[in-house]
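structure_2.csv (CSV, C-alpha atoms) appears below.
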chain,number,residue,atom,x,y,z
H,30,MET,CA,-9.9,1.1,-33.0
H,31,ASN,CA,-9.8,4.9,-33.6
H,32,ILE,CA,-9.9,7.2,-30.6
H,33,MET,CA,-13.6,8.2,-31.2
H,34,GLY,CA,-14.5,4.5,-31.2
H,35,GLU,CA,-12.7,4.1,-27.8
H,36,LEU,CA,-14.5,7.1,-26.4
H,37,THR,CA,-17.8,5.6,-27.6
H,38,ILE,CA,-17.1,2.3,-25.8
H,39,ILE,CA,-16.0,3.8,-22.5
H,40,PHE,CA,-18.6,6.6,-22.4
H,41,GLY,CA,-21.4,4.2,-23.6
H,42,LEU,CA,-20.5,1.8,-20.8
H,43,CYS,CA,-20.6,4.5,-18.2
H,44,LEU,CA,-23.9,5.7,-19.5
H,45,VAL,CA,-25.5,2.2,-19.4
H,46,SER,CA,-24.1,1.9,-15.8
H,47,GLU,CA,-25.8,5.1,-14.8
H,48,GLY,CA,-29.0,3.6,-16.1
H,49,ILE,CA,-28.5,0.3,-14.2
H,50,SER,CA,-27.6,2.2,-11.1
H,51,ALA,CA,-30.9,4.2,-11.3
H,52,LEU,CA,-32.8,0.9,-12.0
H,53,ILE,CA,-31.5,-1.3,-9.1
H,54,PRO,CA,-33.3,-0.7,-5.7
H,55,VAL,CA,-30.1,-0.3,-3.7
H,56,ALA,CA,-27.6,2.6,-3.8
H,57,PHE,CA,-24.7,1.3,-5.7
H,58,PRO,CA,-22.2,3.6,-7.4
H,59,ALA,CA,-22.5,3.7,-11.2
H,60,SER,CA,-18.7,3.9,-11.5
H,61,VAL,CA,-18.3,0.5,-9.8
H,62,ILE,CA,-21.0,-1.0,-12.1
H,63,ALA,CA,-19.0,0.3,-15.1
H,64,LEU,CA,-15.9,-1.2,-13.7
H,65,LEU,CA,-17.6,-4.6,-13.2
H,66,LEU,CA,-19.2,-4.4,-16.7
H,67,LEU,CA,-15.9,-3.6,-18.4
H,68,SER,CA,-14.2,-6.4,-16.5
H,69,LEU,CA,-16.9,-8.8,-17.6
H,70,LEU,CA,-16.6,-7.8,-21.2
H,71,LEU,CA,-12.8,-8.2,-21.1
H,72,PHE,CA,-12.8,-11.6,-19.4
H,73,ALA,CA,-15.6,-12.8,-21.7
H,74,LYS,CA,-13.4,-11.6,-24.7
H,75,VAL,CA,-16.2,-9.5,-26.1
H,76,LEU,CA,-13.8,-6.6,-25.8
H,77,LYS,CA,-10.1,-6.7,-26.4
H,78,PRO,CA,-7.7,-4.5,-24.4
H,79,GLU,CA,-6.7,-3.0,-27.8
H,80,HIS,CA,-10.3,-1.7,-28.2
H,81,ILE,CA,-9.8,0.8,-25.3
H,82,ARG,CA,-6.0,0.9,-25.0
H,83,ARG,CA,-5.2,4.5,-25.9
H,84,PHE,CA,-8.1,6.2,-24.0
H,85,SER,CA,-7.5,4.0,-20.9
H,86,ALA,CA,-3.8,4.7,-21.0
H,87,PHE,CA,-4.5,8.5,-21.0
H,88,LEU,CA,-7.0,8.2,-18.1
H,89,VAL,CA,-4.8,6.0,-16.0
H,90,ALA,CA,-1.7,8.1,-16.6
H,91,ASN,CA,-3.5,11.2,-15.5
H,92,MET,CA,-5.8,9.5,-12.9
H,93,ALA,CA,-5.1,11.8,-10.0
H,94,PHE,CA,-5.9,15.0,-12.1
H,95,PHE,CA,-9.6,14.0,-12.4
H,96,PHE,CA,-9.9,14.0,-8.6
H,97,LEU,CA,-8.8,17.7,-8.3
H,98,PRO,CA,-12.3,19.3,-8.4
H,99,SER,CA,-13.5,16.9,-5.7
H,100,CYS,CA,-10.6,18.0,-3.5
H,101,VAL,CA,-11.2,21.7,-4.1
H,102,GLU,CA,-14.8,21.1,-3.2
H,103,VAL,CA,-13.6,20.7,0.4
H,104,ILE,CA,-13.8,24.5,0.8
H,105,LYS,CA,-17.5,24.2,0.4
H,106,HIS,CA,-17.6,21.9,3.4
H,107,ALA,CA,-14.8,23.5,5.4
H,108,PRO,CA,-17.2,24.5,8.3
H,109,ALA,CA,-18.5,21.0,8.6
H,110,ILE,CA,-15.0,19.5,8.7
H,111,LEU,CA,-13.5,22.2,11.0
H,112,GLY,CA,-16.5,21.6,13.4
H,113,GLN,CA,-15.4,18.0,13.8
H,114,LEU,CA,-11.7,18.3,12.9
H,115,VAL,CA,-10.3,16.1,15.7
H,116,PRO,CA,-12.5,13.0,14.9
H,117,PHE,CA,-12.0,13.7,11.1
H,118,LEU,CA,-8.2,13.6,11.4
H,119,LEU,CA,-8.1,10.8,14.0
H,120,ILE,CA,-10.4,8.5,11.9
H,121,SER,CA,-8.7,9.4,8.6
H,122,PHE,CA,-5.2,8.7,9.8
H,123,LEU,CA,-5.5,6.1,12.6
H,124,THR,CA,-7.4,3.5,10.6
H,125,VAL,CA,-4.7,3.3,7.9
H,126,PRO,CA,-2.0,1.3,9.8
H,127,LEU,CA,-4.8,-0.9,11.2
H,128,VAL,CA,-6.1,-1.8,7.8
H,129,TYR,CA,-2.6,-2.3,6.5
H,130,CYS,CA,-1.6,-4.6,9.4
H,131,VAL,CA,-4.8,-6.7,9.3
H,132,THR,CA,-4.7,-7.1,5.4
H,133,ALA,CA,-1.0,-7.9,5.2
H,134,TRP,CA,-1.1,-10.5,8.0
H,135,VAL,CA,-4.2,-12.3,6.6
H,136,VAL,CA,-2.6,-12.5,3.2
H,137,GLN,CA,0.9,-13.5,4.5
H,138,LEU,CA,-0.6,-16.2,6.7
H,139,LEU,CA,-2.7,-17.6,3.9
H,140,ILE,CA,0.2,-17.6,1.4
H,141,ARG,CA,2.4,-19.4,3.9
H,142,ARG,CA,-0.3,-21.9,4.7
H,143,MET,CA,-0.9,-22.6,1.0
H,144,GLY,CA,2.9,-22.9,0.5
H,145,LYS,CA,3.1,-20.6,-2.5
H,146,GLY,CA,4.7,-17.5,-1.0
H,147,GLY,CA,6.5,-15.0,-3.3
H,148,GLU,CA,10.2,-14.3,-2.8
H,149,PRO,CA,10.6,-12.2,0.4
H,150,HIS,CA,12.4,-8.9,-0.2
H,151,ALA,CA,15.5,-8.0,1.6
N,23,MET,CA,-13.9,41.3,-19.4
N,24,LEU,CA,-12.7,39.8,-16.2
N,25,ASN,CA,-16.2,38.9,-15.3
N,26,ALA,CA,-16.8,37.2,-18.6
N,27,MET,CA,-13.7,35.2,-18.2
N,28,LEU,CA,-14.6,34.1,-14.6
N,29,SER,CA,-18.1,33.1,-15.8
N,30,SER,CA,-16.8,30.8,-18.4
N,31,PRO,CA,-16.4,27.1,-17.6
N,32,LEU,CA,-13.0,27.4,-19.2
N,33,PHE,CA,-11.9,29.3,-16.1
N,34,GLY,CA,-12.2,26.2,-13.9
N,35,LEU,CA,-10.6,24.0,-16.6
N,36,THR,CA,-7.6,26.3,-17.2
N,37,LEU,CA,-7.1,26.9,-13.5
N,38,SER,CA,-7.2,23.1,-12.8
N,39,ALA,CA,-4.7,22.3,-15.6
N,40,ALA,CA,-2.4,25.2,-14.6
N,41,ALA,CA,-2.4,24.2,-10.9
N,42,TRP,CA,-1.7,20.6,-11.9
N,43,CYS,CA,1.3,21.6,-13.9
N,44,ALA,CA,2.6,23.7,-11.0
N,45,GLY,CA,2.0,20.8,-8.6
N,46,ARG,CA,4.0,18.5,-10.9
N,47,GLN,CA,6.9,21.0,-11.0
N,48,LEU,CA,6.8,21.3,-7.2
N,49,GLN,CA,6.8,17.5,-6.8
N,50,LYS,CA,9.9,17.3,-9.1
N,51,LYS,CA,11.7,19.8,-6.9
N,52,LEU,CA,10.5,18.8,-3.4
N,53,GLY,CA,9.8,15.1,-3.9
N,54,LEU,CA,7.2,13.5,-1.7
N,55,LEU,CA,4.3,16.1,-2.1
N,56,PRO,CA,1.7,14.7,-4.4
N,57,PRO,CA,0.5,17.2,-7.1
N,58,LEU,CA,-3.1,16.5,-6.1
N,59,LEU,CA,-2.4,18.0,-2.7
N,60,THR,CA,-0.4,21.0,-3.9
N,61,ALA,CA,-2.7,21.8,-6.8
N,62,SER,CA,-5.8,21.7,-4.6
N,63,ALA,CA,-4.2,23.9,-2.0
N,64,LEU,CA,-3.1,26.3,-4.8
N,65,ILE,CA,-6.6,26.6,-6.3
N,66,ILE,CA,-8.2,27.0,-2.8
N,67,ALA,CA,-5.7,29.7,-1.9
N,68,LEU,CA,-6.4,31.5,-5.1
N,69,LEU,CA,-10.2,31.3,-4.7
N,70,VAL,CA,-10.0,32.5,-1.1
N,71,LEU,CA,-7.4,35.2,-1.8
N,72,PHE,CA,-9.3,36.8,-4.8
N,73,ARG,CA,-12.7,36.1,-3.3
N,74,ILE,CA,-13.8,34.1,-6.3
N,75,PRO,CA,-17.0,32.1,-5.5
N,76,TYR,CA,-16.5,28.3,-5.6
N,77,GLU,CA,-19.3,28.0,-8.1
N,78,ARG,CA,-17.3,29.9,-10.7
N,79,TYR,CA,-14.6,27.2,-10.4
N,80,ALA,CA,-17.1,24.4,-10.2
N,81,ALA,CA,-18.6,25.4,-13.6
N,82,GLY,CA,-15.4,24.1,-15.2
N,83,GLY,CA,-14.4,21.6,-12.5
N,84,ASP,CA,-17.6,19.7,-13.0
N,85,PHE,CA,-16.5,18.8,-16.5
N,86,ILE,CA,-13.4,17.2,-15.0
N,87,LYS,CA,-15.4,15.5,-12.3
N,88,LEU,CA,-17.6,13.9,-15.0
N,89,MET,CA,-14.6,11.8,-16.0
N,90,LEU,CA,-14.4,10.1,-12.6
N,91,GLY,CA,-16.8,7.4,-14.0
N,92,PRO,CA,-14.6,6.5,-17.0
N,93,VAL,CA,-11.4,6.7,-14.8
N,94,THR,CA,-12.9,4.1,-12.5
N,95,ALA,CA,-14.2,1.9,-15.3
N,96,VAL,CA,-10.8,1.6,-17.0
N,97,LEU,CA,-9.3,0.1,-13.8
N,98,ALA,CA,-10.9,-3.0,-15.2
N,99,LEU,CA,-8.0,-3.2,-17.6
N,100,ASN,CA,-5.6,-3.3,-14.6
N,101,ILE,CA,-7.4,-6.3,-13.3
N,102,TYR,CA,-7.4,-7.9,-16.7
N,103,ASN,CA,-3.7,-7.3,-17.3
N,104,GLN,CA,-2.8,-8.8,-13.9
N,105,ARG,CA,-5.1,-11.9,-14.4
N,106,ALA,CA,-2.1,-14.3,-14.1
N,107,VAL,CA,-1.1,-12.9,-10.7
N,108,LEU,CA,-4.7,-12.8,-9.7
N,109,LYS,CA,-5.3,-16.4,-10.7
N,110,LYS,CA,-2.2,-17.6,-8.8
N,111,HIS,CA,-3.1,-15.8,-5.5
N,112,PHE,CA,-6.9,-15.7,-5.9
N,113,LEU,CA,-7.8,-16.9,-2.4
N,114,PRO,CA,-5.3,-14.7,-0.5
N,115,VAL,CA,-6.3,-11.7,-2.6
N,116,LEU,CA,-10.0,-12.2,-2.0
N,117,ALA,CA,-9.6,-12.9,1.7
N,118,GLY,CA,-7.1,-10.1,2.2
N,119,CYS,CA,-9.3,-7.5,0.5
N,120,LEU,CA,-12.4,-8.7,2.3
N,121,VAL,CA,-10.8,-8.6,5.7
N,122,GLY,CA,-9.2,-5.3,4.8
N,123,SER,CA,-12.5,-3.7,3.7
N,124,LEU,CA,-14.3,-5.1,6.8
N,125,THR,CA,-11.6,-3.8,9.1
N,126,SER,CA,-11.8,-0.4,7.4
N,127,VAL,CA,-15.5,0.0,7.5
N,128,GLY,CA,-15.8,-1.6,11.0
N,129,SER,CA,-13.1,0.6,12.6
N,130,ILE,CA,-14.5,3.8,11.0
N,131,LEU,CA,-18.1,3.0,12.2
N,132,LEU,CA,-16.7,2.3,15.7
N,133,LEU,CA,-14.7,5.5,15.9
N,134,CYS,CA,-17.6,7.5,14.5
N,135,ARG,CA,-19.8,6.2,17.3
N,136,LEU,CA,-17.1,6.8,19.9
N,137,PHE,CA,-16.7,10.4,18.8
N,138,HIS,CA,-20.4,11.0,18.3
N,139,VAL,CA,-19.8,12.0,14.7
N,140,ASP,CA,-22.9,13.2,12.8
N,141,ASP,CA,-24.5,11.0,10.1
N,142,ALA,CA,-23.4,13.0,7.1
N,143,LEU,CA,-19.7,13.0,8.2
N,144,ALA,CA,-19.9,9.3,9.1
N,145,ALA,CA,-21.2,8.5,5.6
N,146,SER,CA,-18.4,10.6,4.1
N,147,LEU,CA,-15.7,8.9,6.1
N,148,LEU,CA,-17.0,5.4,5.6
N,149,PRO,CA,-15.4,4.7,2.2
N,150,LYS,CA,-12.1,6.6,2.9
N,151,SER,CA,-9.9,3.6,2.2
N,152,VAL,CA,-11.1,3.1,-1.4
N,153,THR,CA,-10.1,5.1,-4.5
N,154,THR,CA,-11.7,8.6,-4.8
N,155,ALA,CA,-14.1,7.9,-7.7
N,156,ILE,CA,-15.6,4.9,-5.9
N,157,ALA,CA,-15.5,6.7,-2.4
N,158,ILE,CA,-17.4,9.7,-3.7
N,159,GLY,CA,-20.0,7.4,-5.3
N,160,ILE,CA,-20.4,5.5,-2.0
N,161,ALA,CA,-20.5,8.6,0.2
N,162,GLU,CA,-23.1,10.4,-1.9
N,163,SER,CA,-25.3,7.4,-2.3
N,164,ARG,CA,-25.4,7.2,1.6
N,165,GLY,CA,-26.1,10.9,2.2
N,166,GLY,CA,-22.5,11.9,2.7
N,167,VAL,CA,-20.6,14.7,1.1
N,168,GLY,CA,-18.3,14.0,-1.9
N,169,GLY,CA,-15.9,16.7,-1.0
N,170,ILE,CA,-15.4,15.5,2.6
N,171,ALA,CA,-15.0,11.9,1.4
N,172,ALA,CA,-12.4,13.1,-1.1
N,173,ALA,CA,-10.5,14.9,1.7
N,174,ALA,CA,-10.6,11.7,3.9
N,175,VAL,CA,-9.5,9.6,1.0
N,176,MET,CA,-6.6,12.0,0.4
N,177,ALA,CA,-5.6,11.8,4.0
N,178,ALA,CA,-5.6,8.0,4.0
N,179,GLY,CA,-3.8,7.9,0.7
N,180,LEU,CA,-1.0,10.2,1.8
N,181,THR,CA,-0.5,8.4,5.1
N,182,GLY,CA,-0.1,5.1,3.2
N,183,ALA,CA,2.1,6.5,0.5
N,184,VAL,CA,4.4,8.1,3.0
N,185,PHE,CA,4.5,5.4,5.7
N,186,ALA,CA,4.1,2.2,3.6
N,187,PRO,CA,7.8,1.1,4.0
N,188,LEU,CA,7.7,1.9,7.7
N,189,PHE,CA,4.5,-0.2,8.1
N,190,ALA,CA,6.2,-3.1,6.4
N,191,ARG,CA,9.1,-3.0,8.9
N,192,LEU,CA,6.9,-2.3,11.9
N,193,PHE,CA,4.5,-5.2,11.2
N,194,HIS,CA,7.1,-7.6,9.9
N,195,VAL,CA,5.5,-7.9,6.4
N,196,THR,CA,8.0,-9.6,4.2
N,197,ASP,CA,5.8,-11.1,1.4
N,198,PRO,CA,5.6,-8.8,-1.6
N,199,VAL,CA,2.1,-10.0,-2.4
N,200,ALA,CA,0.9,-9.2,1.1
N,201,GLU,CA,2.7,-5.9,1.1
N,202,GLY,CA,1.1,-4.7,-2.2
N,203,LEU,CA,-2.4,-5.8,-1.2
N,204,ALA,CA,-2.1,-4.1,2.2
N,205,ILE,CA,-1.0,-0.8,0.6
N,206,GLY,CA,-3.8,-0.9,-1.9
N,207,ALA,CA,-6.4,-1.8,0.7
N,208,CYS,CA,-5.5,1.0,3.1
N,209,SER,CA,-4.4,3.8,0.7
N,210,HIS,CA,-5.8,3.0,-2.8
N,211,ALA,CA,-4.3,4.7,-5.9
N,212,LEU,CA,-2.0,7.2,-4.0
N,213,GLY,CA,-0.5,4.3,-2.1
N,214,THR,CA,-0.2,2.3,-5.3
N,215,THR,CA,2.1,4.9,-6.8
N,216,ARG,CA,4.4,4.2,-3.8
N,217,ALA,CA,3.9,0.4,-4.1
N,218,MET,CA,5.1,0.6,-7.7
N,219,GLU,CA,8.3,2.2,-6.5
N,220,ILE,CA,8.8,-0.5,-3.9
N,221,GLY,CA,8.5,-3.4,-6.5
N,222,GLN,CA,6.7,-4.7,-9.5
N,223,VAL,CA,4.7,-7.4,-7.6
N,224,GLN,CA,3.8,-4.8,-4.9
N,225,GLY,CA,2.6,-2.4,-7.6
N,226,ALA,CA,0.5,-5.0,-9.4
N,227,MET,CA,-1.1,-6.4,-6.2
N,228,SER,CA,-1.9,-2.9,-5.0
N,229,SER,CA,-3.7,-2.1,-8.3
N,230,ILE,CA,-5.7,-5.3,-7.8
N,231,ALA,CA,-6.5,-4.3,-4.2
N,232,ILE,CA,-7.9,-0.9,-5.4
N,233,CYS,CA,-10.4,-2.6,-7.6
N,234,VAL,CA,-11.3,-5.5,-5.3
N,235,CYS,CA,-11.6,-3.4,-2.1
N,236,GLY,CA,-13.6,-0.8,-4.0
N,237,ILE,CA,-16.1,-3.4,-5.2
N,238,LEU,CA,-16.2,-5.2,-1.8
N,239,THR,CA,-16.7,-1.9,0.2
N,240,SER,CA,-19.5,-0.8,-2.2
N,241,ILE,CA,-21.2,-4.1,-1.4
N,242,LEU,CA,-20.4,-4.1,2.3
N,243,VAL,CA,-22.0,-0.7,2.9
N,244,LEU,CA,-25.2,-1.9,1.4
N,245,PHE,CA,-25.7,-4.0,4.5
N,246,LEU,CA,-25.3,-1.2,7.0
Just give me the structure as structure tokens.
Amino acid sequence: MNIMGELTIIFGLCLVSEGISALIPVAFPASVIALLLLSLLLFAKVLKPEHIRRFSAFLVANMAFFFLPSCVEVIKHAPAILGQLVPFLLISFLTVPLVYCVTAWVVQLLIRRMGKGGEPHA
Amino acid sequence: MLNAMLSSPLFGLTLSAAAWCAGRQLQKKLGLLPPLLTASALIIALLVLFRIPYERYAAGGDFIKLMLGPVTAVLALNIYNQRAVLKKHFLPVLAGCLVGSLTSVGSILLLCRLFHVDDALAASLLPKSVTTAIAIGIAESRGGVGGIAAAAVMAAGLTGAVFAPLFARLFHVTDPVAEGLAIGACSHALGTTRAMEIGQVQGAMSSIAICVCGILTSILVLFL
């Protein structure tokens, strides 16, 4: 597949997802719909990884770059954040170890119960 | 001439790419600091220092933002490539991500109530454990602000990326599958970059957690 073909597939999928997102009665992000659609097409073997390999590799390798404008946008909302800085920071940081701990323990417990744990690291 | 240059969308595009390169160089020299953080700080400092209105930057920045949809979509390839690991640990992966997403959303809601946080900020903080592209979509679809959501996502990602090894020791997490999923569930793509350094299994599981938690959180918030 040439690169323009890859672009057509990915952009087309995202465009269709925007349409679906506008059509469904609940607020569901179009990006997640695109992720689900692409997964479906890959698992159903309608699309092969080779069909989107080069463009996907470029996007994933530079993933964080595309978030840059969203981070810069923070200056637009600085007064709102600064006005509630303490709860913003507390909520942003404190919940991280909590989510880590709960997730890890549930998975570890289930894997041990099912007797198919991976090799523990040193 | 300067005005014509600042009015062009190319200004935001060039500034973003240049700041990114500078951020990458800084990371090579100083280690830990992710380019996303340093590049954002650089651009913000420049805009404030030279009193350039944000909208001038956004004219170009919006082109980059447009790519967030495709960036999220191609995560599907990650899931597909890890299908063997996913199949082997399907139930623990699903249960772990579900419990992780529930804990994240539940604890944020609780803390927002506790601190009497206003609705727009609460909607922006709600998806902070999932990857930015999905978080912005969730926040904006619930009346939150994409920029605040991105800031909260960054804060969560950085915490996870820096402290993941410490968390593993602190909470006695020895299973690599559990460790990878936990990193992805609490600190998405930024944490995944660290998980990949810790080990191959941790990296793969963390990528899967980004996708599964993103999808589950999008569904969970529909019921709020």
Problem - Residue nearest Ala63 in chain H - candidates H:Gly41, H:Pro98, H:Pro78, H:Gly144, atoms counted: all atoms listed in the file - result: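 Smallest distance to Ala63 in chain H is found for H:Gly41.
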Handout entry: Within 6 Å of chain N: residues of chain H, using all atoms listed in the file, as a PyMOL selection string
Key = chain H and resi 56+58+60+63-64+67-68+85+88+95+98-103+121-122+125+128-129+132-133+135-137+139+149
Contacts of Asn25 in chain N at 12 Å (only C-alpha atoms; same-chain gap of 5+ positions) as a PDB file with C-alpha atoms, in the coordinates of the input:
ATOM      1  CA  SER N  30     -16.800  30.800 -18.400  1.00  0.00           C
ATOM      2  CA  PHE N  33     -11.900  29.300 -16.100  1.00  0.00           C
ATOM      3  CA  ILE N  74     -13.800  34.100  -6.300  1.00  0.00           C
ATOM      4  CA  PRO N  75     -17.000  32.100  -5.500  1.00  0.00           C
ATOM      5  CA  ARG N  78     -17.300  29.900 -10.700  1.00  0.00           C
TER       6      ARG N  78
END
Exercise for the section: Find the distance between CA of Pro54 in chain H and CA of Leu66 in chain H and write it in Å to one decimal. Expected result: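 So the two atoms, CA of Pro54 in chain H and CA of Leu66 in chain H, lie 18.3 Å apart.
Atom to atom, CA of Arg216 in chain N and CA of Ala183 in chain N stand 5.4 Å apart.
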Handout entry: Straight-line distance linking CA of Phe84 in chain H with CA of Ile39 in chain H, stated in Å to one decimal
Key =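 Between CA of Phe84 in chain H and CA of Ile39 in chain H the gap works out to 8.4 Å.
Each of N:Met227, N:Leu37, N:Leu238, N:Leu246 was compared to Phe112 in chain N using all atoms listed in the file, and N:Met227 turns out to be the nearest.
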